[in-house]
Amino acid sequence: MAGEPQADCLFCKIVAGEVPATVVRETERIVAFRDINPQAPTHILVIPKAHYRDAATLAAAEPELAADVLREAGEVAAEEKVDGAGYRIVFNTGSGAGQTVFHAHAHLLGGRGLEWPPG
């Protein structure tokens with residue numbers, strides 16, 4: 001069921017403390033942690049604690065929570081000191097777009113030049 005923890009979801013296990021992660025920020029509804037395969041000097045995943053399959057599902061079901069993810073990504077960017085030079089927030093939605101963990105999450109990338117268009 002949408003919003004409920006899923007036993008087979010890696011990010012739900014991180015939220016529950018069953019899988020370790022390097023958490024950089026946590027609120028009542030959001031957790032942000034370093035990506036284990038960083039694609040930039042700053043690469044942090046910002047996720048809702050509630051389980052939603054992807055960004056579109058999250059936005060449709062709980063737009064306020066989707067906004068929380070974006071707001072917290074901005075806070076993390078400031079804490080990581082990449083807000084001045086610029087950063088990117090990416091939501092991959094679906095396997096064809098590169099989503100490998102089916103729990104909505106934002107990639108916060110910064111600390112290097114980010115070309116456009118992206119790969």
# chains A, B, ... in the order shown; residues from 1 in each chain; ligands from 1
$ select_by_dssp --residues "region 62-100 of chain A" --states "strand (DSSP E or B)" --output "PyMOL selection string"
chain A and resi 87-90
$ residues_around --residues "Ile36 (chain A)" --least-positions-apart "2" --cutoff "9 Å" --atoms "only C-alpha atoms" --output "list in words"
Ala21, Thr22, Arg34, Pro38 and His43 of chain A
$ residues_around --residues "Thr100 (chain A)" --least-positions-apart "4" --cutoff "12 Å" --atoms "only C-alpha atoms" --output "list in words"
Cys9, Leu10, Phe11, Arg53, Asp54, Phe91, Asn92, Thr93, Gly94, Ser95, Gly96, Ala104 and His105 of chain A
$ write_last_selection --atoms "N, CA and C atoms" --output "JSON list (two decimals), in the first residue's frame"
[["chain", "number", "residue", "atom", "x", "y", "z"],
["A", 9, "CYS", "N", 12.15, -3.21, 0.27],
["A", 9, "CYS", "CA", 12.66, -1.94, -0.21],
["A", 9, "CYS", "C", 13.91, -1.51, 0.58],
["A", 10, "LEU", "N", 15.01, -1.33, -0.14],
["A", 10, "LEU", "CA", 16.26, -0.92, 0.49],
["A", 10, "LEU", "C", 16.10, 0.39, 1.26],
["A", 11, "PHE", "N", 15.43, 1.37, 0.68],
["A", 11, "PHE", "CA", 15.30, 2.67, 1.35],
["A", 11, "PHE", "C", 14.38, 2.59, 2.56],
["A", 53, "ARG", "N", 6.44, 4.67, -4.79],
["A", 53, "ARG", "CA", 7.25, 4.02, -5.82],
["A", 53, "ARG", "C", 8.17, 4.98, -6.56],
["A", 54, "ASP", "N", 7.68, 6.18, -6.87],
["A", 54, "ASP", "CA", 8.48, 7.12, -7.65],
["A", 54, "ASP", "C", 7.99, 8.54, -7.37],
["A", 91, "PHE", "N", 15.25, 13.50, -10.17],
["A", 91, "PHE", "CA", 14.35, 12.39, -9.84],
["A", 91, "PHE", "C", 14.32, 11.47, -11.05],
["A", 92, "ASN", "N", 14.81, 10.25, -10.91],
["A", 92, "ASN", "CA", 14.68, 9.25, -11.97],
["A", 92, "ASN", "C", 13.36, 8.52, -11.73],
["A", 93, "THR", "N", 12.52, 8.46, -12.74],
["A", 93, "THR", "CA", 11.22, 7.82, -12.58],
["A", 93, "THR", "C", 11.08, 6.72, -13.62],
["A", 94, "GLY", "N", 11.18, 5.49, -13.16],
["A", 94, "GLY", "CA", 11.09, 4.32, -14.02],
["A", 94, "GLY", "C", 12.46, 3.79, -14.40],
["A", 95, "SER", "N", 12.51, 2.50, -14.68],
["A", 95, "SER", "CA", 13.78, 1.86, -14.99],
["A", 95, "SER", "C", 14.43, 2.43, -16.24],
["A", 96, "GLY", "N", 13.63, 2.85, -17.22],
["A", 96, "GLY", "CA", 14.18, 3.43, -18.43],
["A", 96, "GLY", "C", 14.90, 4.75, -18.20],
["A", 104, "ALA", "N", 10.58, 6.63, -3.99],
["A", 104, "ALA", "CA", 10.83, 7.99, -4.47],
["A", 104, "ALA", "C", 12.05, 8.58, -3.79],
["A", 105, "HIS", "N", 12.92, 9.20, -4.59],
["A", 105, "HIS", "CA", 14.12, 9.83, -4.03],
["A", 105, "HIS", "C", 14.68, 10.86, -5.00]]
$ select_by_dssp --residues "region 40-115 of chain A" --states "alpha helix (DSSP H)" --output "list of chain:residue names"
A:Ala55, A:Ala56, A:Thr57, A:Leu58, A:Ala59, A:Ala60, A:Ala61, A:Pro63, A:Glu64, A:Leu65, A:Ala66, A:Ala67, A:Asp68, A:Val69, A:Leu70, A:Arg71, A:Glu72, A:Ala73, A:Gly74, A:Glu75, A:Val76, A:Ala77, A:Ala78, A:Glu79
$ atom_distance --atom1 "CA of Pro48 (chain A)" --atom2 "CA of Glu28 (chain A)"
9.4 Å
$ atom_distance --atom1 "CA of Val90 (chain A)" --atom2 "CA of His107 (chain A)"
5.0 Å
$ residues_around --residues "region 81-89 of chain A" --least-positions-apart "4" --cutoff "10 Å" --atoms "only C-alpha atoms" --output "PyMOL selection string"
chain A and resi 41-46+70+73-77+105-114
$ closest_residue --among "A:Leu58, A:Ala78, A:Glu64, A:His103" --to "Ile14 (chain A)" --atoms "only C-alpha atoms"
A:His103
$ atom_distance --atom1 "CA of Leu65 (chain A)" --atom2 "CA of Ile30 (chain A)"
8.5 Å
$ residues_around --residues "Glu62 (chain A)" --least-positions-apart "2" --cutoff "12 Å" --atoms "only C-alpha atoms" --output "ChimeraX atom specification"
/A:2-3,29,48,50-52,54-60,64-69,104
